[in-house]
Amino acid sequence: MSPLSLISALTINADTEEFSFRLDLSRSESFPSHRFSCVDDKFHADIRYSTYQVPQNAAHLQLKLGDCLGFGATGTVYSAHISNSLSDLSPPVPQELIVKFARLNHCRSLAREAWIYNCLDENQRLTGTVVPRCYGFFTSKLTESGVDYTTSSSSELPFELPWSIYEFDRDPHRDDILHDDFDDEVVRPQTWNPGQTITKDSSPWNLWTPDPDDPLVAVLLLEKGGQRYTDFDDRDPLVREDVELVCEDLEFAGIAHNDFRMPNLIRAPLATSVCRRHKRVHKWNIIDFNQAWPLDLSVENFPRDTNAVLNSRYRSGYFYGWQ
Ligand SMILES: Nc1ncnc2c1ncn2[C@@H]1O[C@H](COP(=O)(O)OP(=O)(O)O)[C@@H](O)[C@H]1O
Ligand SMILES: [Mg+2]
């Protein structure tokens with residue numbers, strides 16, 4: 001069974017020096033992407049790229065929030081320990097996970113990231129080998145949960161709250177525009193009738209904007225990996241070889257990451273499984289998929305045309321943060 005089917009509700013208890021809260025969240029639908037095609041360099045509305053089922057009446061996980069492990073423009077990431085007994089779940093859930101909180105204006109971006117994890121899990125079984133296992137995407141209305149939702153933030157840790165909006169956000173009142181949001185770049189089949197299927201066009205996330213009077217918190221629950229890639233790691237030929245192979249797995253899955261930089265490459269979780277393509281346990285994992293999009297390699301001219309789009313450009317200037 002997929003780790004994405006195990007949990008339908010989540011309670012996060014936090015009691016740290018910075019904040020104290022109890023937040024109840026439930027599983028939410030992720031945000032499908034249009035399919036990109038290198039044949040015409042456009043996005044395509046495609047019924048096969050749609051929402052995934054969220055489990056009902058599955059386990060209710062209780063978490064105790066731990067330390068902040070990192071942050072970026074979209075979210076803040078905390079370690080968390082499971083505090084209720086879930087010994088009967090299969091596959092077993094590790095005792096320690098990570099919670100990625102979307103900043104209040106970036107729930108839509110996190111919903112997209114969640115969809116990419118879903119896609120990698122369902123179609124390529126890559127979660128647990130080259131990306132961390134994902135245990136679901138959850139949301140909660142702060143007004144209904146009785147949690148304080150002050151949104152001020154500083155650029156330094158500790159943040160006032162895990163969902164605080166970034167002080168230097170380009171636009172604190174809206175989420176990022178995603179690559180497949182531009183309607184004139186989207187091709188729809190002549191007889192486009194998705195019916196009940198929820199694709200990018202009909203997803204409720206499509207029109208979502210942050211509401212300061214009724215804020216939504218969104219979190220992604222992932223397996224915990226290790227430290228980020230450093231300049232020291234970059235000098236090790238064995239590390240470089242392994243990362244090349246991890247990138248190859250993502251390329252063969254037809255996922256263009258679009259933000260492959262050092263902070264988005266971490267040491268693989270302890271329970272990483274053997275990669276079927278490379279017959280080894282990769283030591284590195286790729287994270288942070290909110291700018292990613294899928295390609296269908298069976299309709300592309302692979303590898304001639306797709307190389308530029310799928311290539312993660314490992315060790316490029318962008319990877320090192322120089323450009
Ligand atoms: N699964 C994970 N295990 C361990 N650390 C993580 C994990 N996910 C994220 N992190 C840490 O949190 C940081 C921010 O996470 P990321 O997903 O890149 O957020 P953002 O989208 O805001 O850039 C990462 O650079 C990394 O240090
Ligand atoms: Mg990041």
# chains A, B, ... in the order shown; residues from 1 in each chain; ligands from 1
>>> residues_around(residues="Gly225 (chain A)", least_positions_apart="2", cutoff="6 Å", atoms="only C-alpha atoms", output="PyMOL selection string")
chain A and resi 267-269
>>> residues_near_ligand(ligand="ligand 2", cutoff="10 Å", atoms="only C-alpha atoms and all ligand atoms", output="ChimeraX atom specification")
/A:70-77,259-265,286-290
>>> closest_residue(among="A:Phe137, A:Pro132, A:Phe19, A:Leu97", to="Leu220 (chain A)", atoms="only C-alpha atoms")
A:Phe137
>>> atom_distance(atom1="atom 4 (C, counted along the ligand's line) of ligand 1", atom2="CA of Arg228 (chain A)")
7.8 Å
>>> closest_residue(among="A:Gln62, A:Ser50, A:Asn285, A:Asn105", to="ligand 1", atoms="only C-alpha atoms and all ligand atoms")
A:Asn285
>>> atom_distance(atom1="CA of Gly128 (chain A)", atom2="CA of Ser33 (chain A)")
22.1 Å
>>> residues_around(residues="region 184-200 of chain A", least_positions_apart="3", cutoff="10 Å", atoms="only C-alpha atoms", output="PyMOL selection string")
chain A and resi 29-37+40-52+112+179-181+203-206
>>> closest_residue(among="A:Phe168, A:Tyr117, A:Phe138, A:Trp163", to="Leu104 (chain A)", atoms="only C-alpha atoms")
A:Trp163
>>> closest_residue(among="A:Lys100, A:Arg22, A:Arg27, A:Arg315", to="ligand 1", atoms="only C-alpha atoms and all ligand atoms")
A:Lys100
>>> decode(residues="region 226-239 of chain A", atoms="N, CA, C and O atoms", output="PDB file, in the first residue's frame")
ATOM      1  N   GLY A 226      18.288  13.876   5.545  1.00  0.00           N
ATOM      2  CA  GLY A 226      19.381  14.442   6.332  1.00  0.00           C
ATOM      3  C   GLY A 226      19.779  15.830   5.857  1.00  0.00           C
ATOM      4  O   GLY A 226      18.954  16.578   5.345  1.00  0.00           O
ATOM      5  N   GLN A 227      21.073  16.104   6.044  1.00  0.00           N
ATOM      6  CA  GLN A 227      21.602  17.444   5.740  1.00  0.00           C
ATOM      7  C   GLN A 227      21.513  17.763   4.246  1.00  0.00           C
ATOM      8  O   GLN A 227      21.529  16.870   3.409  1.00  0.00           O
ATOM      9  N   ARG A 228      21.497  19.057   3.980  1.00  0.00           N
ATOM     10  CA  ARG A 228      21.548  19.497   2.575  1.00  0.00           C
ATOM     11  C   ARG A 228      22.947  19.260   1.996  1.00  0.00           C
ATOM     12  O   ARG A 228      23.927  19.207   2.729  1.00  0.00           O
ATOM     13  N   TYR A 229      22.984  19.238   0.693  1.00  0.00           N
ATOM     14  CA  TYR A 229      24.236  19.115  -0.069  1.00  0.00           C
ATOM     15  C   TYR A 229      25.110  20.344   0.193  1.00  0.00           C
ATOM     16  O   TYR A 229      24.626  21.476   0.174  1.00  0.00           O
ATOM     17  N   THR A 230      26.409  20.100   0.431  1.00  0.00           N
ATOM     18  CA  THR A 230      27.325  21.216   0.730  1.00  0.00           C
ATOM     19  C   THR A 230      28.462  21.263  -0.288  1.00  0.00           C
ATOM     20  O   THR A 230      28.649  20.324  -1.078  1.00  0.00           O
ATOM     21  N   ASP A 231      29.289  22.297  -0.207  1.00  0.00           N
ATOM     22  CA  ASP A 231      30.481  22.393  -1.065  1.00  0.00           C
ATOM     23  C   ASP A 231      31.432  21.226  -0.813  1.00  0.00           C
ATOM     24  O   ASP A 231      32.127  20.762  -1.708  1.00  0.00           O
ATOM     25  N   PHE A 232      31.433  20.761   0.429  1.00  0.00           N
ATOM     26  CA  PHE A 232      32.277  19.608   0.781  1.00  0.00           C
ATOM     27  C   PHE A 232      31.808  18.369   0.004  1.00  0.00           C
ATOM     28  O   PHE A 232      32.609  17.660  -0.602  1.00  0.00           O
ATOM     29  N   ASP A 233      30.484  18.133   0.008  1.00  0.00           N
ATOM     30  CA  ASP A 233      29.933  16.988  -0.741  1.00  0.00           C
ATOM     31  C   ASP A 233      30.255  17.113  -2.222  1.00  0.00           C
ATOM     32  O   ASP A 233      30.526  16.123  -2.907  1.00  0.00           O
ATOM     33  N   ASP A 234      30.239  18.338  -2.703  1.00  0.00           N
ATOM     34  CA  ASP A 234      30.430  18.608  -4.124  1.00  0.00           C
ATOM     35  C   ASP A 234      31.808  18.161  -4.618  1.00  0.00           C
ATOM     36  O   ASP A 234      32.002  17.910  -5.800  1.00  0.00           O
ATOM     37  N   ARG A 235      32.761  18.021  -3.697  1.00  0.00           N
ATOM     38  CA  ARG A 235      34.120  17.646  -4.100  1.00  0.00           C
ATOM     39  C   ARG A 235      34.301  16.127  -4.168  1.00  0.00           C
ATOM     40  O   ARG A 235      35.334  15.642  -4.595  1.00  0.00           O
ATOM     41  N   ASP A 236      33.285  15.370  -3.728  1.00  0.00           N
ATOM     42  CA  ASP A 236      33.425  13.911  -3.640  1.00  0.00           C
ATOM     43  C   ASP A 236      32.880  13.248  -4.924  1.00  0.00           C
ATOM     44  O   ASP A 236      31.684  13.332  -5.211  1.00  0.00           O
ATOM     45  N   PRO A 237      33.754  12.587  -5.705  1.00  0.00           N
ATOM     46  CA  PRO A 237      33.289  11.991  -6.976  1.00  0.00           C
ATOM     47  C   PRO A 237      32.181  10.950  -6.788  1.00  0.00           C
ATOM     48  O   PRO A 237      31.323  10.805  -7.658  1.00  0.00           O
ATOM     49  N   LEU A 238      32.196  10.251  -5.649  1.00  0.00           N
ATOM     50  CA  LEU A 238      31.147   9.236  -5.430  1.00  0.00           C
ATOM     51  C   LEU A 238      29.792   9.901  -5.198  1.00  0.00           C
ATOM     52  O   LEU A 238      28.751   9.405  -5.637  1.00  0.00           O
ATOM     53  N   VAL A 239      29.822  11.045  -4.516  1.00  0.00           N
ATOM     54  CA  VAL A 239      28.582  11.811  -4.315  1.00  0.00           C
ATOM     55  C   VAL A 239      28.078  12.283  -5.671  1.00  0.00           C
ATOM     56  O   VAL A 239      26.899  12.126  -6.008  1.00  0.00           O
TER      57      VAL A 239
END
